[in-house]
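> Sending over target.cif (mmCIF, C-alpha atoms).
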data_target
#
loop_
_atom_site.label_atom_id
_atom_site.label_comp_id
_atom_site.auth_asym_id
_atom_site.auth_seq_id
_atom_site.Cartn_x
_atom_site.Cartn_y
_atom_site.Cartn_z
CA MET A 1 104.44 45.46 -215.62
CA LYS A 2 104.81 45.00 -211.87
CA LYS A 3 101.69 44.75 -209.76
CA LEU A 4 101.19 46.38 -206.35
CA VAL A 5 97.99 45.38 -204.56
CA ILE A 6 96.76 47.31 -201.53
CA LEU A 7 94.20 45.33 -199.57
CA GLY A 8 92.01 47.71 -197.59
CA GLY A 9 91.08 51.29 -198.41
CA GLY A 10 90.94 52.77 -194.93
CA THR A 11 93.39 55.30 -193.53
CA GLY A 12 96.62 53.36 -194.05
CA GLY A 13 95.71 51.89 -197.42
CA THR A 14 94.55 55.22 -198.84
CA MET A 15 97.68 57.05 -197.67
CA MET A 16 99.94 54.41 -199.18
CA ALA A 17 98.03 54.39 -202.48
CA ASN A 18 98.46 58.16 -202.80
CA LYS A 19 102.11 58.23 -201.76
CA LEU A 20 103.16 55.38 -204.05
CA TYR A 21 101.05 56.43 -207.03
CA LYS A 22 102.97 59.70 -207.10
CA ALA A 23 106.35 57.97 -206.80
CA LEU A 24 106.10 54.89 -209.03
CA ASN A 25 106.62 54.94 -212.80
CA LYS A 26 103.17 54.60 -214.41
CA ASP A 27 104.66 52.65 -217.34
CA GLU A 28 106.21 50.07 -215.01
CA TRP A 29 103.70 49.73 -212.18
CA LYS A 30 100.01 48.97 -211.82
CA ILE A 31 98.44 49.82 -208.46
CA THR A 32 95.25 47.98 -207.50
CA LEU A 33 93.31 48.90 -204.37
CA ILE A 34 90.71 46.45 -203.04
CA ASP A 35 88.01 47.37 -200.54
CA LYS A 36 84.56 46.00 -199.81
CA THR A 37 82.74 49.30 -199.12
CA GLU A 38 82.62 52.72 -200.76
CA ALA A 39 82.09 54.66 -197.52
CA HIS A 40 85.07 56.09 -195.66
CA TYR A 41 84.45 56.88 -191.99
CA TYR A 42 86.44 59.32 -189.92
CA GLN A 43 86.53 56.96 -186.97
CA PRO A 44 87.83 59.41 -184.33
CA GLY A 45 84.58 61.29 -184.89
CA PHE A 46 82.48 58.37 -183.60
CA LEU A 47 83.44 59.46 -180.06
CA PHE A 48 81.53 62.74 -180.45
CA ILE A 49 78.30 61.38 -181.93
CA PRO A 50 76.76 60.12 -178.64
CA PHE A 51 77.10 63.64 -177.18
CA GLY A 52 75.62 65.47 -180.17
CA VAL A 53 78.87 67.18 -181.20
CA TYR A 54 79.01 65.37 -184.56
CA ASN A 55 76.40 63.57 -186.60
CA LYS A 56 76.74 60.86 -189.24
CA ASN A 57 77.31 63.35 -192.06
CA ASP A 58 80.32 64.80 -190.25
CA VAL A 59 82.21 61.50 -190.28
CA ILE A 60 81.45 59.96 -193.66
CA LYS A 61 82.65 60.58 -197.22
CA THR A 62 83.07 58.36 -200.28
CA LYS A 63 86.42 56.62 -200.67
CA ASN A 64 86.68 57.51 -204.35
CA GLU A 65 87.20 61.14 -203.29
CA PHE A 66 90.59 60.16 -201.89
CA PHE A 67 91.90 57.37 -204.11
CA PRO A 68 94.45 58.39 -206.77
CA ILE A 69 92.99 58.82 -210.24
CA GLY A 70 94.64 56.21 -212.42
CA ALA A 71 94.83 53.44 -209.84
CA GLU A 72 92.60 50.41 -210.34
CA ILE A 73 89.88 50.38 -207.69
CA ILE A 74 87.99 47.17 -206.97
CA PHE A 75 85.02 47.45 -204.64
CA SER A 76 84.58 43.81 -203.74
CA GLU A 77 84.98 41.72 -200.62
CA ALA A 78 88.21 39.76 -200.42
CA ASP A 79 88.03 36.18 -199.24
CA ARG A 80 91.67 35.35 -198.56
CA ILE A 81 95.30 35.90 -199.42
CA GLU A 82 97.40 33.09 -200.88
CA PRO A 83 100.90 34.40 -200.14
CA ASP A 84 102.64 31.31 -201.51
CA LYS A 85 101.03 32.07 -204.88
CA ASN A 86 101.23 35.88 -204.64
CA ARG A 87 97.54 36.46 -205.12
CA VAL A 88 94.35 37.69 -203.45
CA ILE A 89 91.13 35.74 -203.95
CA LEU A 90 87.88 37.71 -203.87
CA LYS A 91 84.53 36.41 -202.61
CA ASN A 92 83.35 36.21 -206.22
CA ASN A 93 86.36 33.92 -206.92
CA ALA A 94 88.18 36.55 -208.97
CA ILE A 95 91.95 36.20 -208.69
CA ILE A 96 94.10 39.32 -208.21
CA PRO A 97 97.82 38.57 -208.62
CA TYR A 98 100.52 40.76 -207.11
CA ASP A 99 104.27 41.24 -206.99
CA TYR A 100 103.97 43.24 -203.79
CA LEU A 101 101.12 43.43 -201.31
CA ILE A 102 100.30 46.02 -198.67
CA ILE A 103 97.82 44.76 -196.07
CA SER A 104 95.62 47.46 -194.53
CA THR A 105 92.63 45.42 -193.43
CA GLY A 106 92.21 47.16 -190.08
CA CYS A 107 90.42 45.75 -187.07
CA SER A 108 86.87 45.70 -185.76
CA ILE A 109 84.95 44.91 -182.59
CA ALA A 110 83.90 41.34 -181.77
CA PRO A 111 81.24 41.53 -179.01
CA GLU A 112 80.41 37.87 -179.61
CA GLU A 113 83.73 36.99 -177.96
CA THR A 114 82.28 37.88 -174.54
CA GLU A 115 79.38 35.83 -173.19
CA GLY A 116 76.20 37.88 -172.97
CA LEU A 117 77.68 41.11 -174.32
CA ASN A 118 75.55 41.18 -177.47
CA GLY A 119 72.58 39.56 -175.74
CA ASN A 120 69.09 40.91 -175.02
CA LEU A 121 70.33 44.33 -173.87
CA TRP A 122 72.57 44.99 -176.89
CA TYR A 123 71.67 48.44 -178.24
CA LYS A 124 69.07 48.78 -175.47
CA ASN A 125 71.20 49.30 -172.34
CA ILE A 126 74.53 48.09 -173.74
CA PHE A 127 76.30 49.97 -176.51
CA ASP A 128 79.63 50.42 -178.25
CA PHE A 129 80.83 53.64 -179.85
CA TYR A 130 83.50 52.06 -182.07
CA THR A 131 80.97 51.57 -184.89
CA ILE A 132 78.73 54.15 -186.54
CA GLU A 133 75.68 52.07 -185.58
CA GLY A 134 76.74 51.86 -181.95
CA ALA A 135 77.50 55.58 -181.70
CA ILE A 136 74.17 56.60 -183.23
CA ASN A 137 72.13 54.23 -181.06
CA LEU A 138 73.98 55.38 -177.96
CA SER A 139 73.22 58.98 -178.89
CA LYS A 140 69.51 58.20 -178.99
CA PHE A 141 69.71 56.46 -175.60
CA LEU A 142 71.58 59.29 -173.88
CA LYS A 143 68.96 61.87 -174.87
CA HIS A 144 66.45 60.08 -172.64
CA PHE A 145 68.82 58.97 -169.86
CA HIS A 146 68.14 60.81 -166.60
CA GLY A 147 70.46 59.15 -164.13
CA GLY A 148 71.89 55.89 -162.86
CA LYS A 149 75.06 53.82 -163.04
CA VAL A 150 77.08 54.38 -166.23
CA VAL A 151 79.86 51.85 -166.65
CA LEU A 152 82.50 51.96 -169.36
CA ASN A 153 84.25 48.61 -169.70
CA ILE A 154 87.29 47.70 -171.78
CA VAL A 155 87.08 43.96 -172.41
CA GLU A 156 90.73 43.39 -173.29
CA MET A 157 93.75 44.98 -174.94
CA PRO A 158 94.81 45.82 -177.59
CA ILE A 159 92.07 48.16 -178.77
CA LYS A 160 91.77 50.77 -181.45
CA CYS A 161 92.75 54.17 -179.98
CA PRO A 162 93.56 53.28 -176.34
CA VAL A 163 92.71 56.79 -175.08
CA ALA A 164 89.17 56.77 -176.54
CA PRO A 165 87.60 55.06 -173.49
CA LEU A 166 89.04 57.79 -171.25
CA GLU A 167 87.83 60.48 -173.63
CA PHE A 168 84.35 59.00 -173.60
CA ILE A 169 84.06 59.01 -169.84
CA PHE A 170 85.50 62.55 -169.59
CA LEU A 171 83.00 63.74 -172.20
CA ALA A 172 80.21 61.93 -170.35
CA ASP A 173 81.13 63.89 -167.22
CA TRP A 174 80.88 67.13 -169.22
CA TYR A 175 77.67 66.06 -170.99
CA PHE A 176 75.79 65.17 -167.81
CA THR A 177 77.07 68.33 -166.10
CA GLU A 178 75.76 70.48 -168.96
CA ARG A 179 72.40 68.73 -168.67
CA GLY A 180 72.29 69.41 -164.95
CA ILE A 181 72.09 65.75 -163.91
CA ARG A 182 75.74 64.93 -163.10
CA ASP A 183 74.83 64.43 -159.42
CA LYS A 184 72.40 61.72 -160.51
CA VAL A 185 74.97 59.80 -162.57
CA ASP A 186 77.57 57.42 -161.19
CA LEU A 187 80.46 57.14 -163.69
CA THR A 188 82.80 54.15 -163.49
CA LEU A 189 85.70 53.07 -165.70
CA VAL A 190 86.23 49.30 -165.52
CA THR A 191 89.49 48.25 -167.14
CA PRO A 192 91.79 45.21 -167.39
CA LEU A 193 94.75 47.58 -166.93
CA PRO A 194 96.26 48.29 -163.51
CA GLY A 195 95.41 51.97 -163.97
CA ALA A 196 93.94 54.55 -166.33
CA PHE A 197 96.48 53.99 -169.14
CA THR A 198 99.33 51.76 -170.24
CA LYS A 199 102.24 54.11 -169.40
CA PRO A 200 103.14 55.09 -165.79
CA LYS A 201 103.43 58.90 -166.11
CA ALA A 202 100.29 59.18 -168.24
CA THR A 203 98.47 56.79 -165.90
CA SER A 204 99.30 59.03 -162.94
CA VAL A 205 98.10 62.21 -164.68
CA LEU A 206 94.96 60.64 -166.12
CA GLY A 207 94.18 58.89 -162.84
CA ASP A 208 94.23 62.28 -161.11
CA PHE A 209 91.78 63.59 -163.71
CA LEU A 210 89.42 60.72 -162.94
CA LYS A 211 89.53 61.55 -159.22
CA LYS A 212 89.05 65.26 -159.84
CA LYS A 213 85.98 64.55 -161.95
CA ASN A 214 84.57 62.08 -159.40
CA ILE A 215 84.87 59.18 -161.82
CA ASN A 216 85.40 55.76 -160.23
CA ILE A 217 87.90 53.27 -161.58
CA VAL A 218 87.89 49.49 -161.18
CA PRO A 219 91.32 48.25 -162.37
CA ASP A 220 92.52 44.72 -163.13
CA PHE A 221 89.01 43.64 -164.14
CA ASN A 222 89.01 40.79 -166.64
CA ILE A 223 85.44 40.35 -167.78
CA GLU A 224 84.07 36.84 -168.18
CA LYS A 225 80.44 37.57 -169.00
CA VAL A 226 77.55 40.01 -168.97
CA ASP A 227 74.45 39.17 -166.94
CA ASN A 228 71.67 40.82 -168.99
CA GLU A 229 68.92 39.96 -166.51
CA ASN A 230 70.60 41.56 -163.49
CA LYS A 231 72.51 44.22 -165.45
CA GLN A 232 75.93 43.19 -164.22
CA ILE A 233 79.35 42.58 -165.69
CA ILE A 234 81.15 39.71 -164.00
CA SER A 235 84.90 39.07 -163.99
CA TYR A 236 86.69 35.73 -163.95
CA ASP A 237 87.32 36.18 -160.20
CA GLU A 238 83.54 36.76 -159.79
CA THR A 239 83.77 40.49 -159.09
CA LYS A 240 80.47 42.06 -160.10
CA VAL A 241 79.78 45.61 -161.30
CA ASN A 242 76.19 46.80 -161.69
CA PHE A 243 75.10 49.09 -164.52
CA ASP A 244 72.10 50.93 -165.89
CA LEU A 245 74.07 51.83 -169.00
CA LEU A 246 77.04 49.78 -170.13
CA VAL A 247 79.33 51.29 -172.73
CA SER A 248 81.59 48.50 -173.91
CA ILE A 249 84.83 48.44 -175.85
CA PRO A 250 84.62 44.81 -176.95
CA THR A 251 87.49 42.61 -178.02
CA ASN A 252 89.18 44.09 -181.09
CA LYS A 253 90.18 41.61 -183.77
CA GLY A 254 91.86 41.78 -187.13
CA SER A 255 90.09 40.87 -190.34
CA GLU A 256 88.66 37.41 -191.04
CA ILE A 257 90.65 37.57 -194.27
CA ILE A 258 93.84 37.26 -192.23
CA GLU A 259 92.43 34.30 -190.32
CA LYS A 260 91.35 32.50 -193.50
CA SER A 261 94.79 33.14 -194.97
CA ASN A 262 96.56 31.62 -191.93
CA MET A 263 98.66 34.76 -191.67
CA GLY A 264 97.68 36.13 -188.26
CA ASP A 265 98.04 35.64 -184.53
CA GLU A 266 95.21 34.57 -182.19
CA LEU A 267 93.45 37.91 -182.72
CA ASN A 268 94.01 37.94 -186.50
CA PHE A 269 96.71 40.61 -186.41
CA VAL A 270 99.57 40.11 -188.86
CA PRO A 271 103.01 39.42 -187.31
CA THR A 272 105.02 42.40 -188.54
CA ASP A 273 108.57 43.63 -188.07
CA LYS A 274 108.01 46.59 -185.76
CA GLN A 275 110.73 48.67 -187.43
CA THR A 276 110.54 47.90 -191.15
CA LEU A 277 106.76 47.16 -191.23
CA ARG A 278 107.41 44.17 -193.46
CA ALA A 279 105.38 41.04 -192.69
CA GLU A 280 107.62 38.74 -190.68
CA ASN A 281 107.23 35.71 -192.91
CA PHE A 282 106.85 37.30 -196.36
CA ASP A 283 109.46 39.52 -198.00
CA ASN A 284 107.03 41.04 -200.54
CA ILE A 285 104.25 41.89 -198.07
CA PHE A 286 104.01 44.99 -195.90
CA VAL A 287 101.41 45.80 -193.22
CA ILE A 288 100.09 49.15 -192.03
CA GLY A 289 97.48 50.51 -189.65
CA ASP A 290 95.38 48.47 -187.25
CA ALA A 291 96.15 45.18 -189.02
CA VAL A 292 99.67 45.00 -187.50
CA ASN A 293 100.64 43.28 -184.27
CA ILE A 294 103.40 45.78 -183.40
CA PRO A 295 103.50 47.01 -179.76
CA THR A 296 102.12 50.51 -180.26
CA SER A 297 98.73 52.19 -180.32
CA LYS A 298 96.22 51.28 -182.99
CA ALA A 299 95.63 54.92 -183.85
CA GLY A 300 95.50 57.20 -186.87
CA SER A 301 98.73 58.95 -185.90
CA VAL A 302 100.59 55.64 -185.92
CA ALA A 303 99.26 54.88 -189.40
CA HIS A 304 100.37 58.36 -190.50
CA TYR A 305 103.90 58.13 -189.08
CA SER A 306 104.44 54.53 -190.14
CA ALA A 307 103.24 55.30 -193.69
CA ASP A 308 106.30 57.51 -194.17
CA ILE A 309 108.57 54.70 -192.97
CA LEU A 310 106.82 52.07 -195.08
CA PHE A 311 107.11 54.31 -198.15
CA GLU A 312 110.88 54.66 -197.72
CA ASN A 313 111.35 50.93 -197.18
CA PHE A 314 109.15 49.98 -200.12
CA MET A 315 111.16 52.22 -202.44
CA ASP A 316 114.40 50.71 -201.10
CA ILE A 317 113.24 47.16 -201.69
CA ILE A 318 111.98 47.64 -205.26
CA GLU A 319 115.35 49.18 -206.08
CA GLY A 320 117.08 46.04 -204.82
CA ASN A 321 118.26 47.39 -201.48
CA GLU A 322 117.60 46.37 -197.88
CA PRO A 323 115.05 48.55 -196.05
CA GLU A 324 116.89 51.15 -193.97
CA ALA A 325 114.12 53.20 -192.37
CA LYS A 326 113.19 52.10 -188.84
CA PHE A 327 109.82 52.91 -187.28
CA ASP A 328 110.08 53.79 -183.58
CA GLY A 329 106.42 53.29 -182.65
CA HIS A 330 105.70 57.03 -182.64
CA SER A 331 102.17 57.91 -181.55
CA THR A 332 100.55 61.28 -180.86
CA CYS A 333 97.12 61.31 -179.22
CA PHE A 334 94.86 64.21 -178.31
CA ILE A 335 92.67 63.36 -175.31
CA GLU A 336 89.38 65.21 -174.94
CA SER A 337 88.90 66.03 -171.27
CA GLY A 338 85.59 67.86 -171.54
CA PHE A 339 84.45 71.48 -171.12
CA GLY A 340 86.33 72.58 -174.25
CA LYS A 341 89.71 71.34 -173.05
CA GLY A 342 92.04 68.48 -173.88
CA LEU A 343 95.35 66.84 -173.17
CA LEU A 344 98.06 65.55 -175.51
CA ILE A 345 100.50 62.67 -175.27
CA ASP A 346 103.43 61.88 -177.57
CA PHE A 347 105.42 58.66 -177.14
CA ASN A 348 107.04 55.70 -178.89
CA TYR A 349 108.23 52.14 -178.21
CA ASP A 350 110.88 53.23 -175.69
CA THR A 351 109.78 56.63 -174.36
CA GLU A 352 106.61 57.07 -172.35
CA PRO A 353 104.51 60.27 -172.54
CA LEU A 354 106.36 63.20 -170.99
CA PRO A 355 105.34 66.78 -170.13
CA GLY A 356 106.44 69.66 -172.33
CA LYS A 357 105.44 71.40 -175.56
CA PHE A 358 104.58 69.98 -179.00
CA PRO A 359 105.61 70.10 -181.78
CA LEU A 360 107.95 73.07 -181.14
CA PRO A 361 109.95 73.56 -177.92
CA THR A 362 108.66 76.41 -175.73
CA ILE A 363 106.26 77.62 -178.44
CA GLY A 364 104.09 74.53 -178.74
CA PRO A 365 101.33 75.50 -179.39
CA PHE A 366 100.17 72.26 -177.76
CA SER A 367 100.93 71.22 -174.18
CA LEU A 368 101.94 67.66 -173.33
CA LEU A 369 100.31 65.95 -170.35
CA GLN A 370 98.61 69.22 -169.45
CA GLU A 371 95.02 70.28 -169.98
CA SER A 372 94.46 73.24 -172.31
CA TYR A 373 91.91 74.79 -174.64
CA MET A 374 94.47 74.65 -177.46
CA ASN A 375 94.68 70.86 -177.19
CA HIS A 376 90.92 70.69 -177.67
CA TYR A 377 91.17 72.90 -180.75
CA GLY A 378 93.91 70.63 -182.09
CA LYS A 379 91.64 67.63 -181.68
CA MET A 380 88.79 69.36 -183.50
CA MET A 381 91.03 70.69 -186.29
CA PHE A 382 92.39 67.24 -186.98
CA ARG A 383 89.21 66.20 -188.81
CA TRP A 384 89.88 68.89 -191.41
CA MET A 385 93.53 67.85 -191.70
CA TYR A 386 92.50 64.21 -192.03
CA TRP A 387 90.16 64.78 -194.98
CA ASP A 388 92.19 67.42 -196.80
CA PHE A 389 95.80 66.40 -196.19
CA LEU A 390 96.45 63.12 -194.42
CA LEU A 391 94.42 60.78 -196.62
CA LYS A 392 95.77 62.40 -199.76
CA GLY A 393 99.33 61.59 -198.78
CA VAL A 394 100.35 65.22 -198.32
CA GLU A 395 103.58 65.67 -196.39
CA LEU A 396 102.90 67.24 -192.99
CA PRO A 397 105.51 69.23 -191.02
CA ILE A 398 105.82 66.61 -188.29
CA ALA A 399 108.59 64.03 -188.55
CA PRO A 400 107.54 60.38 -188.43
CA LEU A 401 110.09 59.59 -185.70
CA MET A 402 109.50 60.96 -182.23
CA SER A 403 111.56 63.97 -181.18
CA MET A 404 112.64 64.74 -177.62
CA ALA A 405 112.64 68.47 -178.44
CA GLY A 406 110.33 70.30 -176.06
CA LYS A 407 109.93 67.38 -173.69
CA LYS A 408 110.84 67.52 -170.01
CA VAL A 409 112.55 64.37 -168.82
#
For this file, produce the structure as C-alpha cells.

Amino acid sequence: MKKLVILGGGTGGTMMANKLYKALNKDEWKITLIDKTEAHYYQPGFLFIPFGVYNKNDVIKTKNEFFPIGAEIIFSEADRIEPDKNRVILKNNAIIPYDYLIISTGCSIAPEETEGLNGNLWYKNIFDFYTIEGAINLSKFLKHFHGGKVVLNIVEMPIKCPVAPLEFIFLADWYFTERGIRDKVDLTLVTPLPGAFTKPKATSVLGDFLKKKNINIVPDFNIEKVDNENKQIISYDETKVNFDLLVSIPTNKGSEIIEKSNMGDELNFVPTDKQTLRAENFDNIFVIGDAVNIPTSKAGSVAHYSADILFENFMDIIEGNEPEAKFDGHSTCFIESGFGKGLLIDFNYDTEPLPGKFPLPTIGPFSLLQESYMNHYGKMMFRWMYWDFLLKGVELPIAPLMSMAGKKV
C-alpha cells in the first residue's frame, strides 16, 4: 500500500486531504495527516477581533470536523523531515514513512527577529493581530484607548495576507470615527514598500484611499529596532517614528521543521516550482499554502487555487506522467475599507490588479479596484464559505487560473 503523508492540517493541508481522499483508491493508498494542534483558526477573522466585529468563538473550530473520515490523523508535533529516507520524524521519535509528502506547515510571526519588538511593551503598547493572542489583547487595549499616535508597521516582506495591514488601518479609521475620537488619533502606516501595496495600479488606488482617510504613510522604512523606553521605531538609516500604540506585522517565517530538515531558504520557506508546486529538489514532495517560496501572496485564495493545480499534478505523477497543470499565481483578495464597504483585487504572477467586475463580466457582482458595499458582504460571506465548502474540498465555481474576463486593461 502506498503512503501519502500530509504535514500540516491548516487550510492547504485540509483541502488536499479531502480532495485526495475522494480520488485515491482506498485499497491502494493510506493517507496520514500530521498536525500538532486540534484547533483550526479562521485566520482572516483575526483582523476583526480588535474592533469587536468577531470574537474568539467566531474564528475557531476543531480540525477533526474537516478531516476526511478514514484518513489516519496524528495529533503530534513533528520534529523534522528526512527526505533522503522518505520519512517524517515526530518529537516523540515516532517514524512516519511516506511515498509522497505534501508539506503544508504554514508560516508564523517571529517578533524576536527585530530588536526590542517583543520587549517590555509587548502586549502593553505593542501588539500583533496575526495571532489569536495578539488580536484579543489588542482588542482589550483599544477599548480603553482615547487618542494618540497609532502606528502600523510592516517589518519586512513577505507576509501572510499582504492586504491585511491596509485593512487594519482602514478599519481603525472607521472604529475611531464611530467612537467619536478620530480627530484625537493620528494614524500612520510605516512600510518597507515604496507605496501602499506591491503592484503599481493597486498602490495608486490604495494610496488615494489613505489620503482620503487622512492616514499618513511612511514608505521605504526598514526597521532596525524598537525603543521601548521612548516609544519609537527606528530604521537602519536612523529615521524615527513615535507611537503611543504600535501594531506590528513582524517578520513572517516558515516552520522550524523546515529549518531542521535543511529544506528551506533563509526564512524557512520551501523552494518550490511556482507552476507545478513540486518541491524543487524532491520529486515526491509537494508544497502548498504559506510554506512555499513562490512569488505570490501568502493568502487563503492562493492556497485554494493552487490546491486544484496540485491535485491535478499529483494525479498525473502517480499515474506515471509528467505534471501538466501550471499554476499562474492567481490571488483574489477582498480589502475591508471600513464603514461597511470594501475593495477587491484579482491578479497573478504576470498581471497586476485591474479595474472591472468579478467573477462575471458586467454582472460581477463584485467590483475590482472600486469600493462597494457588495465587496464588504463578499468578505463577510467568505467565512461561511471557508468552513462549509473550501476546507472540505468542495469544487467552487471559480477557476483556479486567473481570467481576464470582466477586467479593463
> What does the PyMOL selection byres ((chain A and resi 318-330) around 6) select in this file, as number ranges by chain?
A: 275-276, 296, 309, 313, 315-317, 331, 347-349, 401-402
> Could you tell me which of A:Val53, A:Ile95, A:Ile103, A:Leu152 comes closest to A:Val5 if we count only C-alpha atoms?
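Closest to A:Val5, using only C-alpha atoms: A:Ile103.
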> Find the residue from A:Asn64, A:Cys161, A:Glu336, A:Pro50 that sits nearest to A:Gly300; use all atoms listed in the file when measuring.
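Nearest to A:Gly300: A:Cys161.
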> Which residues, named as in the file, does the PyMOL selection byres ((chain A and resi 106) around 12) pick out? Answer as a ChimeraX atom specification.
/A:7-13,35,43,102-105,107-109,159-160,252-258,267-270,287-293,298-300,303
> Name the residues captured by the PyMOL selection byres ((chain A and resi 199-213) around 9) when it is applied to the shown file; answer as a PyMOL selection string.
chain A and resi 166+169-170+173+189+195-198+214-217+337+345+352-354+369-370
> Give me, please, the distance in Å between atom CA of A:Tyr236 and atom CA of A:Gly147, quoted to one decimal.
28.5 Å
> May I have the residues within 7 Å of A:Lys3 as a list in words, using all atoms listed in the file and disregarding those fewer than 6 positions away in the same chain?
Trp29, Lys30, Ile31, Tyr98, Asp99 and Tyr100 of chain A
> Find the residue from A:Leu187, A:Ala39, A:Val394, A:Leu171 that sits nearest to A:Gly342; use all atoms listed in the file when measuring.
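Nearest to A:Gly342: A:Leu171.
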> Using all atoms listed in the file, which protein or nucleic acid residues come within 9 Å of A:Phe51? Drop anything in the same chain fewer than 3 positions from it, and give the result as number ranges by chain.
A: 47-48, 54, 138-139, 142-143, 171-172, 175
> So that I can see what lies close to A:Leu121, please list as a ChimeraX atom specification the residues with an atom at most 10 Å from it, counting all atoms listed in the file and leaving out residues fewer than 2 positions away in the same chain.
/A:116-119,123-127,226-229,231,245-246
> Given the selection you just returned, output its residues as a file containing C-alpha atoms, formatted as a PDB file, keeping the file's coordinate frame.

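Saved file result_10.pdb follows:
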ATOM      1  CA  GLY A 116      76.200  37.880-172.970  1.00  0.00           C
ATOM      2  CA  LEU A 117      77.680  41.110-174.320  1.00  0.00           C
ATOM      3  CA  ASN A 118      75.550  41.180-177.470  1.00  0.00           C
ATOM      4  CA  GLY A 119      72.580  39.560-175.740  1.00  0.00           C
ATOM      5  CA  TYR A 123      71.670  48.440-178.240  1.00  0.00           C
ATOM      6  CA  LYS A 124      69.070  48.780-175.470  1.00  0.00           C
ATOM      7  CA  ASN A 125      71.200  49.300-172.340  1.00  0.00           C
ATOM      8  CA  ILE A 126      74.530  48.090-173.740  1.00  0.00           C
ATOM      9  CA  PHE A 127      76.300  49.970-176.510  1.00  0.00           C
ATOM     10  CA  VAL A 226      77.550  40.010-168.970  1.00  0.00           C
ATOM     11  CA  ASP A 227      74.450  39.170-166.940  1.00  0.00           C
ATOM     12  CA  ASN A 228      71.670  40.820-168.990  1.00  0.00           C
ATOM     13  CA  GLU A 229      68.920  39.960-166.510  1.00  0.00           C
ATOM     14  CA  LYS A 231      72.510  44.220-165.450  1.00  0.00           C
ATOM     15  CA  LEU A 245      74.070  51.830-169.000  1.00  0.00           C
ATOM     16  CA  LEU A 246      77.040  49.780-170.130  1.00  0.00           C
TER      17      LEU A 246
END
> Figure out the distance between atom CA of A:Pro359 and atom CA of A:Asp388, please, to one decimal in Å.
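Going from atom CA of A:Asp388 over to atom CA of A:Pro359 covers 20.3 Å.
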> Quick check, in Å to one decimal: how far apart do atom CA of A:Glu259 and atom CA of A:Thr114 lie?
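Computing it gives 19.1 Å between the two atoms.
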> Excluding A:Phe129 and residues on its chain fewer than 4 positions from it, collect all residues at most 8 Å away from it, counting only C-alpha atoms, and give them as a list in words.
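Selected residues are Phe46, Leu47, Pro50, Glu133, Gly134, Ala135, Leu138, Val247, Ser248 and Ile249 of chain A.
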> Name the residues in contact with A:Asp79 at a cut-off of 7 Å, using all atoms listed in the file, excluding same-chain residues fewer than 3 positions from it; report them as a ChimeraX atom specification.
/A:89-91,257
> Adding 4 Å on each side of the box along x, y and z that holds all listed atoms of stretch 327-332 of chain A, could you give its centre and edge lengths in Å to one decimal, as AutoDock Vina command-line options?

--center_x 105.3 --center_y 57.1 --center_z -184.1 --size_x 17.5 --size_y 16.4 --size_z 14.4
> Tell me which of A:Ile335, A:Val218, A:Leu343, A:Ile49 sits closest to A:Asp128, counting all atoms listed in the file.
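Among A:Ile335, A:Val218, A:Leu343, A:Ile49, it is A:Ile49 that comes nearest to A:Asp128.
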> Smallest atom-to-atom distance to A:Met263: which of A:Ser306, A:Asn281, A:Thr251, A:Thr177, using all atoms listed in the file?
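Checking each candidate against A:Met263, we get A:Asn281 as the closest.
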> Pick the closest to A:Asn222 from A:Val185, A:Cys333, A:Val302, A:Leu193: which is it, counting all atoms listed in the file?
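Distance minimum relative to A:Asn222 lands on A:Leu193.
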> Could you give me stretch 255-266 of chain A completed to N, CA and C atoms, formatted as a short mmCIF file (atom, residue, chain, number, x, y, z; two decimals), in the frame of the given file?

data_model
loop_
_atom_site.label_atom_id
_atom_site.label_comp_id
_atom_site.auth_asym_id
_atom_site.auth_seq_id
_atom_site.Cartn_x
_atom_site.Cartn_y
_atom_site.Cartn_z
N SER A 255 91.04 41.32 -189.34
CA SER A 255 90.09 40.87 -190.34
C SER A 255 90.03 39.34 -190.44
N GLU A 256 88.83 38.85 -190.77
CA GLU A 256 88.66 37.41 -191.04
C GLU A 256 89.50 36.97 -192.23
N ILE A 257 89.80 37.90 -193.12
CA ILE A 257 90.65 37.57 -194.27
C ILE A 257 91.99 37.04 -193.80
N ILE A 258 92.53 37.67 -192.76
CA ILE A 258 93.84 37.26 -192.23
C ILE A 258 93.74 35.87 -191.61
N GLU A 259 92.64 35.62 -190.91
CA GLU A 259 92.43 34.30 -190.32
C GLU A 259 92.33 33.22 -191.40
N LYS A 260 91.53 33.49 -192.43
CA LYS A 260 91.35 32.50 -193.50
C LYS A 260 92.64 32.27 -194.28
N SER A 261 93.53 33.25 -194.25
CA SER A 261 94.79 33.14 -194.97
C SER A 261 95.89 32.51 -194.13
N ASN A 262 95.57 32.19 -192.86
CA ASN A 262 96.56 31.62 -191.93
C ASN A 262 97.80 32.50 -191.80
N MET A 263 97.55 33.82 -191.72
CA MET A 263 98.66 34.76 -191.67
C MET A 263 98.72 35.53 -190.36
N GLY A 264 97.77 35.29 -189.44
CA GLY A 264 97.68 36.13 -188.26
C GLY A 264 97.96 35.41 -186.95
N ASP A 265 97.93 36.19 -185.86
CA ASP A 265 98.04 35.64 -184.53
C ASP A 265 96.65 35.26 -184.03
N GLU A 266 96.49 35.05 -182.72
CA GLU A 266 95.21 34.57 -182.19
C GLU A 266 94.09 35.60 -182.33
#
